[in-house]
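File shown: run11.csv. Contents: CSV, C-alpha atoms and all ligand atoms.
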chain,number,residue,atom,x,y,z
A,1,MET,CA,-4.6,-0.3,-20.7
A,2,GLY,CA,-1.8,0.4,-18.3
A,3,ALA,CA,-2.2,-0.1,-14.5
A,4,GLY,CA,-2.0,3.7,-13.9
A,5,THR,CA,-4.7,4.4,-16.4
A,6,ARG,CA,-6.9,1.7,-14.8
A,7,LEU,CA,-6.4,3.2,-11.4
A,8,ARG,CA,-7.2,6.7,-12.7
A,9,LYS,CA,-10.3,5.4,-14.5
A,10,ALA,CA,-11.5,3.6,-11.3
A,11,MET,CA,-11.0,6.7,-9.3
A,12,ALA,CA,-13.0,8.8,-11.9
A,13,GLU,CA,-15.8,6.2,-12.0
A,14,LYS,CA,-16.1,5.2,-8.4
A,15,GLY,CA,-14.9,8.4,-6.6
A,16,VAL,CA,-13.1,6.4,-4.0
A,17,VAL,CA,-10.7,3.5,-4.9
A,18,GLU,CA,-10.2,0.9,-2.1
A,19,ALA,CA,-6.8,-0.7,-2.0
A,20,MET,CA,-6.3,-3.7,0.3
A,21,ALA,CA,-2.9,-4.5,1.8
A,22,ALA,CA,-1.0,-7.6,0.6
A,23,HIS,CA,2.4,-9.1,1.3
A,24,SER,CA,2.4,-12.0,-1.2
A,25,PRO,CA,0.8,-13.0,-4.5
A,26,LEU,CA,-1.7,-15.2,-2.6
A,27,SER,CA,-2.8,-12.4,-0.3
A,28,ALA,CA,-3.1,-10.1,-3.3
A,29,MET,CA,-5.3,-12.8,-5.1
A,30,LEU,CA,-7.5,-13.1,-2.0
A,31,ALA,CA,-7.9,-9.3,-1.9
A,32,ALA,CA,-8.9,-9.3,-5.6
A,33,GLU,CA,-11.4,-12.1,-5.0
A,34,ALA,CA,-13.0,-10.1,-2.2
A,35,GLY,CA,-13.7,-7.3,-4.6
A,36,PHE,CA,-11.2,-4.6,-3.7
A,37,ASP,CA,-10.2,-2.2,-6.5
A,38,ALA,CA,-6.5,-2.3,-6.0
A,39,ILE,CA,-3.6,-3.9,-4.0
A,40,TRP,CA,-1.5,-2.0,-1.5
A,41,ALA,CA,2.0,-3.4,-1.7
A,42,SER,CA,2.7,-2.5,1.9
A,43,GLY,CA,6.2,-2.1,3.2
A,44,PHE,CA,5.0,-2.8,6.7
A,45,GLU,CA,3.3,-6.1,5.6
A,46,LEU,CA,6.4,-7.3,3.7
A,47,SER,CA,8.7,-6.4,6.6
A,48,ALA,CA,6.4,-8.3,9.0
A,49,MET,CA,6.3,-11.2,6.7
A,50,TYR,CA,10.1,-11.4,6.8
A,51,GLY,CA,9.9,-11.1,10.6
A,52,VAL,CA,11.8,-7.8,10.7
A,53,PRO,CA,10.8,-4.2,11.6
A,54,ASP,CA,9.6,-1.7,9.0
A,55,VAL,CA,12.7,0.5,9.3
A,56,SER,CA,14.2,0.2,5.8
A,57,VAL,CA,15.7,-3.2,6.6
A,58,VAL,CA,13.8,-4.9,3.7
A,59,SER,CA,15.7,-3.8,0.6
A,60,MET,CA,14.2,-2.2,-2.5
A,61,THR,CA,15.0,-5.4,-4.5
A,62,GLN,CA,13.0,-7.6,-2.0
A,63,HIS,CA,10.0,-5.3,-2.1
A,64,LEU,CA,10.2,-4.9,-5.9
A,65,ASP,CA,10.4,-8.6,-6.5
A,66,MET,CA,7.4,-9.3,-4.3
A,67,THR,CA,5.5,-6.4,-5.9
A,68,ARG,CA,6.2,-7.8,-9.4
A,69,ALA,CA,4.9,-11.2,-8.2
A,70,MET,CA,1.8,-9.6,-6.9
A,71,VAL,CA,1.2,-7.6,-10.2
A,72,ASP,CA,1.6,-10.9,-12.0
A,73,ARG,CA,-1.1,-12.8,-9.9
A,74,ALA,CA,-3.5,-10.2,-8.6
A,75,GLY,CA,-5.1,-8.9,-11.9
A,76,LEU,CA,-5.6,-5.5,-10.1
A,77,PRO,CA,-3.7,-2.3,-10.2
A,78,VAL,CA,-1.0,-2.4,-7.5
A,79,VAL,CA,-0.2,0.7,-5.5
A,80,ALA,CA,3.5,0.3,-4.5
A,81,ASP,CA,4.7,1.6,-1.1
A,82,ILE,CA,8.2,2.8,-2.0
A,83,ASP,CA,8.8,4.3,1.5
A,84,THR,CA,11.3,7.2,1.2
A,85,GLY,CA,12.2,6.2,-2.4
A,86,PHE,CA,15.2,4.3,-0.9
A,87,GLY,CA,17.4,7.3,-0.7
A,88,ASN,CA,17.5,10.7,-2.4
A,89,ALA,CA,16.1,11.9,-5.7
A,90,ILE,CA,18.7,10.0,-7.6
A,91,ASN,CA,17.6,6.7,-6.0
A,92,VAL,CA,14.0,7.7,-6.7
A,93,LEU,CA,14.8,7.9,-10.5
A,94,TYR,CA,16.0,4.4,-10.4
A,95,ALA,CA,13.2,3.1,-8.1
A,96,VAL,CA,10.3,4.5,-10.2
A,97,GLU,CA,11.8,3.2,-13.4
A,98,GLN,CA,12.0,-0.3,-11.8
A,99,TYR,CA,8.5,-0.2,-10.2
A,100,GLU,CA,6.9,1.0,-13.4
A,101,ARG,CA,8.6,-1.8,-15.3
A,102,ALA,CA,7.2,-4.2,-12.7
A,103,GLY,CA,3.8,-3.1,-13.8
A,104,VAL,CA,2.5,-1.0,-10.8
A,105,GLY,CA,-0.2,1.6,-11.3
A,106,ALA,CA,1.0,3.9,-8.5
A,107,ILE,CA,3.9,4.7,-6.3
A,108,VAL,CA,3.5,6.2,-2.8
A,109,MET,CA,6.6,8.0,-1.5
A,110,GLU,CA,6.8,9.5,2.0
A,111,ASP,CA,8.7,12.7,3.2
A,112,LYS,CA,10.7,11.0,5.9
A,113,SER,CA,14.5,10.6,5.7
A,114,PHE,CA,16.1,7.3,4.8
A,115,PRO,CA,16.3,5.0,6.8
A,116,LYS,CA,12.7,5.5,7.9
A,117,VAL,CA,10.9,4.3,11.0
A,118,THR,CA,7.4,2.7,10.8
A,119,SER,CA,4.7,5.4,11.3
A,120,LEU,CA,2.3,3.9,13.8
A,121,ILE,CA,4.9,3.0,16.5
A,122,ALA,CA,4.5,4.9,19.8
A,123,GLY,CA,7.3,7.3,20.3
A,124,GLY,CA,8.9,6.5,17.0
A,125,ARG,CA,11.8,8.6,15.6
A,126,GLN,CA,10.2,10.5,12.7
A,127,ASP,CA,12.8,12.5,10.9
A,128,MET,CA,11.6,14.4,7.9
A,129,VAL,CA,13.4,15.7,4.8
A,130,ARG,CA,13.2,19.4,3.8
A,131,ILE,CA,10.2,20.4,1.7
A,132,GLU,CA,12.5,21.4,-1.2
A,133,GLU,CA,14.3,18.1,-1.1
A,134,PHE,CA,11.0,16.2,-1.2
A,135,GLN,CA,9.8,18.4,-4.1
A,136,GLY,CA,12.9,17.3,-6.0
A,137,LYS,CA,12.0,13.7,-5.2
A,138,ILE,CA,8.5,14.1,-6.6
A,139,GLU,CA,9.9,15.8,-9.7
A,140,ALA,CA,12.3,12.9,-10.1
A,141,ALA,CA,9.5,10.4,-9.8
A,142,ARG,CA,7.5,12.3,-12.4
A,143,SER,CA,10.4,12.5,-14.8
A,144,ALA,CA,11.2,8.8,-14.4
A,145,ARG,CA,7.8,7.5,-15.4
A,146,ARG,CA,7.4,6.5,-19.1
A,147,ASP,CA,3.6,6.4,-18.8
A,148,PRO,CA,2.3,9.8,-17.7
A,149,ASP,CA,-0.7,7.9,-16.1
A,150,LEU,CA,1.5,6.2,-13.5
A,151,VAL,CA,0.1,7.7,-10.4
A,152,VAL,CA,2.6,9.6,-8.2
A,153,VAL,CA,1.4,9.8,-4.6
A,154,ALA,CA,3.2,12.1,-2.3
A,155,ARG,CA,2.8,11.2,1.4
A,156,THR,CA,3.3,13.6,4.2
A,157,GLU,CA,4.2,12.4,7.6
A,158,ALA,CA,3.9,15.8,9.2
A,159,LEU,CA,1.0,14.7,11.5
A,160,ILE,CA,2.8,11.5,12.3
A,161,ALA,CA,5.9,13.5,13.3
A,162,GLY,CA,3.7,15.8,15.5
A,163,LEU,CA,4.4,18.9,13.4
A,164,GLY,CA,0.7,19.9,13.3
A,165,GLN,CA,-1.9,20.8,10.7
A,166,ASP,CA,-0.2,24.0,9.3
A,167,GLU,CA,3.0,22.0,8.5
A,168,ALA,CA,0.9,19.2,7.0
A,169,LEU,CA,-1.0,21.6,4.8
A,170,LYS,CA,2.1,23.6,3.8
A,171,ARG,CA,3.8,20.3,2.8
A,172,ALA,CA,0.8,19.0,0.9
A,173,ARG,CA,0.5,22.3,-1.0
A,174,ALA,CA,4.2,22.2,-1.9
A,175,TYR,CA,4.0,18.6,-3.0
A,176,GLU,CA,1.0,19.4,-5.2
A,177,ALA,CA,2.9,22.3,-6.7
A,178,ALA,CA,5.8,19.8,-7.5
A,179,GLY,CA,3.4,17.7,-9.5
A,180,ALA,CA,2.0,15.0,-7.1
A,181,ASP,CA,-1.1,13.3,-8.4
A,182,LEU,CA,-2.5,12.6,-5.0
A,183,ILE,CA,-1.5,13.6,-1.4
A,184,LEU,CA,-1.5,10.9,1.2
A,185,VAL,CA,-1.8,12.3,4.7
A,186,HIS,CA,-1.1,9.8,7.5
A,187,SER,CA,-2.2,10.1,11.1
A,188,LYS,CA,-1.9,7.8,14.2
A,189,GLN,CA,-4.5,9.5,16.2
A,190,LYS,CA,-7.1,7.1,17.6
A,191,THR,CA,-10.0,9.1,16.2
A,192,PRO,CA,-10.6,10.6,12.7
A,193,ASP,CA,-10.7,14.2,14.0
A,194,GLU,CA,-7.1,15.1,12.9
A,195,ILE,CA,-7.6,13.8,9.4
A,196,GLU,CA,-11.1,15.2,9.1
A,197,ALA,CA,-9.7,18.7,10.0
A,198,PHE,CA,-7.0,18.3,7.4
A,199,ILE,CA,-9.5,17.3,4.7
A,200,LYS,CA,-11.8,20.2,5.6
A,201,ALA,CA,-8.8,22.6,5.3
A,202,TRP,CA,-7.4,21.1,2.1
A,203,ASP,CA,-7.7,23.7,-0.6
A,204,GLY,CA,-5.7,21.8,-3.3
A,205,LYS,CA,-7.0,20.3,-6.5
A,206,VAL,CA,-5.6,16.8,-6.2
A,207,PRO,CA,-7.4,14.1,-4.2
A,208,ILE,CA,-6.3,12.9,-0.8
A,209,ALA,CA,-5.3,9.3,0.1
A,210,LEU,CA,-5.9,7.9,3.5
A,211,VAL,CA,-4.7,4.9,5.6
A,212,PRO,CA,-7.2,4.8,8.4
A,213,THR,CA,-5.5,2.0,10.4
A,214,ALA,CA,-5.3,4.0,13.7
A,215,TYR,CA,-8.8,5.4,13.4
A,216,PRO,CA,-10.9,2.5,12.2
A,217,GLN,CA,-14.1,4.4,12.7
A,218,MET,CA,-13.5,5.9,9.2
A,219,THR,CA,-15.7,4.0,6.8
A,220,VAL,CA,-16.0,4.1,3.1
A,221,ALA,CA,-19.4,5.9,3.5
A,222,ARG,CA,-17.8,8.6,5.7
A,223,VAL,CA,-15.0,9.1,3.2
A,224,ARG,CA,-17.5,9.6,0.5
A,225,GLU,CA,-19.3,12.2,2.6
A,226,LEU,CA,-16.0,14.1,3.2
A,227,LYS,CA,-15.4,14.3,-0.6
A,228,LYS,CA,-11.8,15.1,-1.6
A,229,VAL,CA,-10.6,11.5,-0.9
A,230,GLY,CA,-9.7,9.4,-4.0
A,231,LEU,CA,-7.8,6.5,-2.5
A,232,LEU,CA,-8.5,4.6,0.7
A,233,ILE,CA,-5.8,2.1,1.8
A,234,TRP,CA,-6.6,-0.7,4.2
A,235,GLY,CA,-3.1,-0.7,5.4
A,236,ASN,CA,-2.2,-4.0,7.2
A,237,HIS,CA,-5.2,-6.2,7.4
A,238,ALA,CA,-3.8,-9.1,5.4
A,239,ILE,CA,-0.8,-9.7,7.6
A,240,ARG,CA,-2.8,-9.1,10.8
A,241,ALA,CA,-5.5,-11.5,9.7
A,242,ALA,CA,-2.8,-14.1,8.8
A,243,VAL,CA,-1.1,-13.7,12.2
A,244,GLY,CA,-4.4,-14.1,14.1
A,245,ALA,CA,-5.4,-17.1,12.1
A,246,MET,CA,-2.1,-18.9,12.3
A,247,ARG,CA,-1.8,-18.2,16.1
A,248,ARG,CA,-5.3,-19.6,16.7
A,249,THR,CA,-4.7,-22.7,14.5
A,250,PHE,CA,-1.2,-23.5,15.8
A,251,ALA,CA,-2.3,-23.2,19.5
A,252,GLN,CA,-5.3,-25.4,18.9
A,253,ILE,CA,-3.2,-28.1,17.3
A,254,ARG,CA,-0.8,-28.0,20.2
A,255,ALA,CA,-3.7,-28.1,22.7
A,256,ASP,CA,-5.5,-30.9,20.9
A,257,GLY,CA,-2.4,-33.0,20.3
A,258,GLY,CA,-3.4,-33.3,16.6
A,259,ILE,CA,-4.9,-31.6,13.7
A,260,HIS,CA,-8.4,-33.0,13.9
A,261,GLY,CA,-9.9,-30.0,15.7
A,262,VAL,CA,-8.9,-27.3,13.2
A,263,GLU,CA,-10.3,-28.8,10.0
A,264,ALA,CA,-13.5,-26.8,10.2
A,265,SER,CA,-11.9,-23.4,10.7
A,266,ILE,CA,-9.1,-23.5,8.1
A,267,ALA,CA,-9.3,-23.6,4.3
A,268,THR,CA,-9.5,-27.0,2.7
A,269,VAL,CA,-6.7,-28.4,0.6
A,270,ASP,CA,-9.1,-28.2,-2.4
A,271,GLU,CA,-9.6,-24.5,-1.8
A,272,VAL,CA,-5.8,-24.0,-2.0
A,273,PHE,CA,-5.6,-26.2,-5.1
A,274,ASP,CA,-8.2,-23.8,-6.7
A,275,LEU,CA,-6.2,-20.8,-5.8
A,276,GLN,CA,-3.1,-22.5,-7.4
A,277,GLY,CA,-5.0,-23.2,-10.6
A,278,MET,CA,-4.8,-27.0,-10.4
A,279,GLY,CA,-8.0,-27.2,-12.5
A,280,THR,CA,-6.0,-25.7,-15.4
A,281,VAL,CA,-3.1,-28.0,-14.8
A,282,LYS,CA,-5.5,-31.0,-15.2
A,283,ASP,CA,-7.0,-29.5,-18.4
A,284,ASN,CA,-3.6,-28.9,-19.8
A,285,GLU,CA,-2.5,-32.4,-18.9
A,286,LYS,CA,-5.4,-33.8,-21.0
A,287,ARG,CA,-4.5,-31.4,-23.9
A,288,PHE,CA,-0.8,-31.7,-24.0
A,289,LEU,CA,0.5,-34.8,-22.3
A,290,ARG,CA,0.8,-37.7,-24.6
B,301,LIG,C1,2.5,0.4,5.1
B,301,LIG,O1,1.5,-0.4,5.1
B,301,LIG,O2,3.6,0.0,4.9
B,301,LIG,C2,2.3,1.8,5.4
B,301,LIG,C3,1.2,2.2,6.2
B,301,LIG,O3,3.1,2.6,5.0
B,301,LIG,S1,1.7,2.4,7.8
B,301,LIG,O4,2.3,1.1,8.2
B,301,LIG,O5,0.6,2.7,8.6
B,301,LIG,O6,2.7,3.5,7.9
B,302,MG,MG,4.9,1.6,4.5
Spit out the file's structure as structure tokens when you get a sec.
Amino acid sequence: MGAGTRLRKAMAEKGVVEAMAAHSPLSAMLAAEAGFDAIWASGFELSAMYGVPDVSVVSMTQHLDMTRAMVDRAGLPVVADIDTGFGNAINVLYAVEQYERAGVGAIVMEDKSFPKVTSLIAGGRQDMVRIEEFQGKIEAARSARRDPDLVVVARTEALIAGLGQDEALKRARAYEAAGADLILVHSKQKTPDEIEAFIKAWDGKVPIALVPTAYPQMTVARVRELKKVGLLIWGNHAIRAAVGAMRRTFAQIRADGGIHGVEASIATVDEVFDLQGMGTVKDNEKRFLR
């Protein structure tokens, strides 16, 4: 079964699919281990991992290569954050072909212009493309997929850009009409009010996707109550957890003048060996090395 089919099946069976952000095969494996349904191949996380801003500096090839490596190791459907589609509808044709070949189950494309600016930054420049142009990009994404089950998620940044509910709804309706399988609506308000108002007003047939980073009060239980939401993305918690853990560990080693104080709070070497599959290496040594 293809990754898109798996994702659609999970959505049909569970109602809400939970995707955890990842920036590496290891973080994707840990998300799978924790029981999430899918992996969010986040552009923000990968940019942060490279130590650069999420402003279309990381190339499609860099993101695609990492996404392919995550597909390979995670064993879960990967939802690829393809930003603006890396250009216009022509670039989208190429991008979707490549991401599908890498084995993703879904692509999420946003209606900002290339190069984009990260959504949650205060006072960010949020330039949008025209509705008709984005409809063309959605149609390009649909026509580029070989597997009709590859999920095409259209993301509107109307609320992020401060254009209001009417514009967000107008865009969402237009994107559904162009063939989007889901509509992701993003918000940076500190409470869920703006998003809940959108969900209540949503009169389309396709489910909604959310990234509730700015409004963490939004729980899985609340999302279920609201109905209409099919995909919940925990947007950047892998990289933020990593930053917090490394900062604490590095500071303690500096303060203690040695590594003796951090042993209890970090993973053991054996845990890392397990993640790397060293048990299998040993078994294979017995079988094959003569
Ligand atoms: C990402 O994780 O790259 C996203 C979500 O697109 S956000 O950073 O909130 O825009
Ligand atoms: Mg992104």
Residues of chain A that have any atom at most 7 Å from an atom of ligand LIG 301 (chain B): could you tabulate them with the shortest-distance atom pair and the distance in Å to one decimal, using all atoms listed in the file, ordered by chain and increasing number, as JSON lines?
{"residue": "A:Ala21", "atom": "CA", "partner": "B:LIG301", "partner_atom": "O1", "distance": 6.9}
{"residue": "A:Ser42", "atom": "CA", "partner": "B:LIG301", "partner_atom": "O2", "distance": 4.0}
{"residue": "A:Gly43", "atom": "CA", "partner": "B:LIG301", "partner_atom": "O2", "distance": 3.7}
{"residue": "A:Phe44", "atom": "CA", "partner": "B:LIG301", "partner_atom": "O2", "distance": 3.6}
{"residue": "A:Glu45", "atom": "CA", "partner": "B:LIG301", "partner_atom": "O1", "distance": 6.0}
{"residue": "A:Asp81", "atom": "CA", "partner": "B:LIG301", "partner_atom": "O2", "distance": 6.3}
{"residue": "A:Asp83", "atom": "CA", "partner": "B:LIG301", "partner_atom": "O3", "distance": 6.9}
{"residue": "A:Thr118", "atom": "CA", "partner": "B:LIG301", "partner_atom": "O6", "distance": 5.6}
{"residue": "A:Ser119", "atom": "CA", "partner": "B:LIG301", "partner_atom": "O6", "distance": 4.4}
{"residue": "A:Leu120", "atom": "CA", "partner": "B:LIG301", "partner_atom": "O5", "distance": 5.6}
{"residue": "A:Val211", "atom": "CA", "partner": "B:LIG301", "partner_atom": "O5", "distance": 6.5}
{"residue": "A:Thr213", "atom": "CA", "partner": "B:LIG301", "partner_atom": "O5", "distance": 6.4}
{"residue": "A:Gly235", "atom": "CA", "partner": "B:LIG301", "partner_atom": "O1", "distance": 4.6}
{"residue": "A:Asn236", "atom": "CA", "partner": "B:LIG301", "partner_atom": "O1", "distance": 5.6}
Legend entry - Contacts of Ala69 in chain A at 10 Å (all atoms listed in the file; same-chain gap of 5+ positions) as a PyMOL selection string: chain A and resi 24-26+28+63-64+74+102-103
Selection file, C-alpha atoms, as a PDB file, keeping the file's coordinate frame:
ATOM      1  CA  SER A  24       2.400 -12.000  -1.200  1.00  0.00           C
ATOM      2  CA  PRO A  25       0.800 -13.000  -4.500  1.00  0.00           C
ATOM      3  CA  LEU A  26      -1.700 -15.200  -2.600  1.00  0.00           C
ATOM      4  CA  ALA A  28      -3.100 -10.100  -3.300  1.00  0.00           C
ATOM      5  CA  HIS A  63      10.000  -5.300  -2.100  1.00  0.00           C
ATOM      6  CA  LEU A  64      10.200  -4.900  -5.900  1.00  0.00           C
ATOM      7  CA  ALA A  74      -3.500 -10.200  -8.600  1.00  0.00           C
ATOM      8  CA  ALA A 102       7.200  -4.200 -12.700  1.00  0.00           C
ATOM      9  CA  GLY A 103       3.800  -3.100 -13.800  1.00  0.00           C
TER      10      GLY A 103
END
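With all atoms listed in the file as the basis for measurement, A:Val108 is the residue among A:Val52, A:Lys137, A:Val108, A:Arg240 that approaches Val185 in chain A most closely.
Nearest residue to Leu7 in chain A among A:Gly85, A:Pro77, A:Gly261, A:Gly162 is A:Pro77, counting all atoms listed in the file.
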Legend entry - CA of Glu133 in chain A to CA of Ala168 in chain A, distance in Å rounded to a single decimal: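 Distance between the two atoms: 15.7 Å.
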Inset, instruction - May I have the residues within 10 Å of Asp65 in chain A as a VMD selection string, using all atoms listed in the file and disregarding those fewer than 4 positions away in the same chain? - result: chain A and resid 60 to 61 69 to 71 98 to 99 102
Inset, instruction - Name the residues in contact with range 30-36 of chain A at a cut-off of 8 Å, using only C-alpha atoms, excluding same-chain residues fewer than 5 positions from it; report them as a PyMOL selection string. - result: chain A and resi 18-22+74-76
Legend entry - Counting all atoms listed in the file, the residue of A:Val17, A:Leu93, A:Ile233, A:Met278 that sits nearest ligand MG 302 (chain B):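 That would be A:Ile233, the residue with the smallest distance to ligand MG 302 (chain B).
Picture a line from CA of Lys116 in chain A to CA of Pro216 in chain A; it runs 24.2 Å.
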Inset, instruction - Using all atoms listed in the file, collect all residues at a distance of at most 12 Å from (-6.6, 3.8, -14.6) as written in the file, then present them as a list of chain:residue names. - result: A:Met1, A:Gly2, A:Ala3, A:Gly4, A:Thr5, A:Arg6, A:Leu7, A:Arg8, A:Lys9, A:Ala10, A:Met11, A:Ala12, A:Glu13, A:Lys14, A:Val17, A:Asp37, A:Ala38, A:Leu76, A:Pro77, A:Val78, A:Val79, A:Val104, A:Gly105, A:Ala106, A:Asp147, A:Pro148, A:Asp149, A:Leu150, A:Val151
Legend entry - Residue among A:Val153, A:Met246, A:Val58, A:Ile160 lying closest to Ala214 in chain A, counting all atoms listed in the file: A:Ile160
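Residue nearest ligand MG 302 (chain B), chosen from A:Arg73, A:Arg146, A:His186, A:Arg101 and counting all atoms listed in the file: A:His186.
For the choices A:Tyr94, A:Trp234, A:Trp202, A:Phe134, the atom-to-atom distance to ligand MG 302 (chain B) is smallest for A:Trp234 when using all atoms listed in the file.
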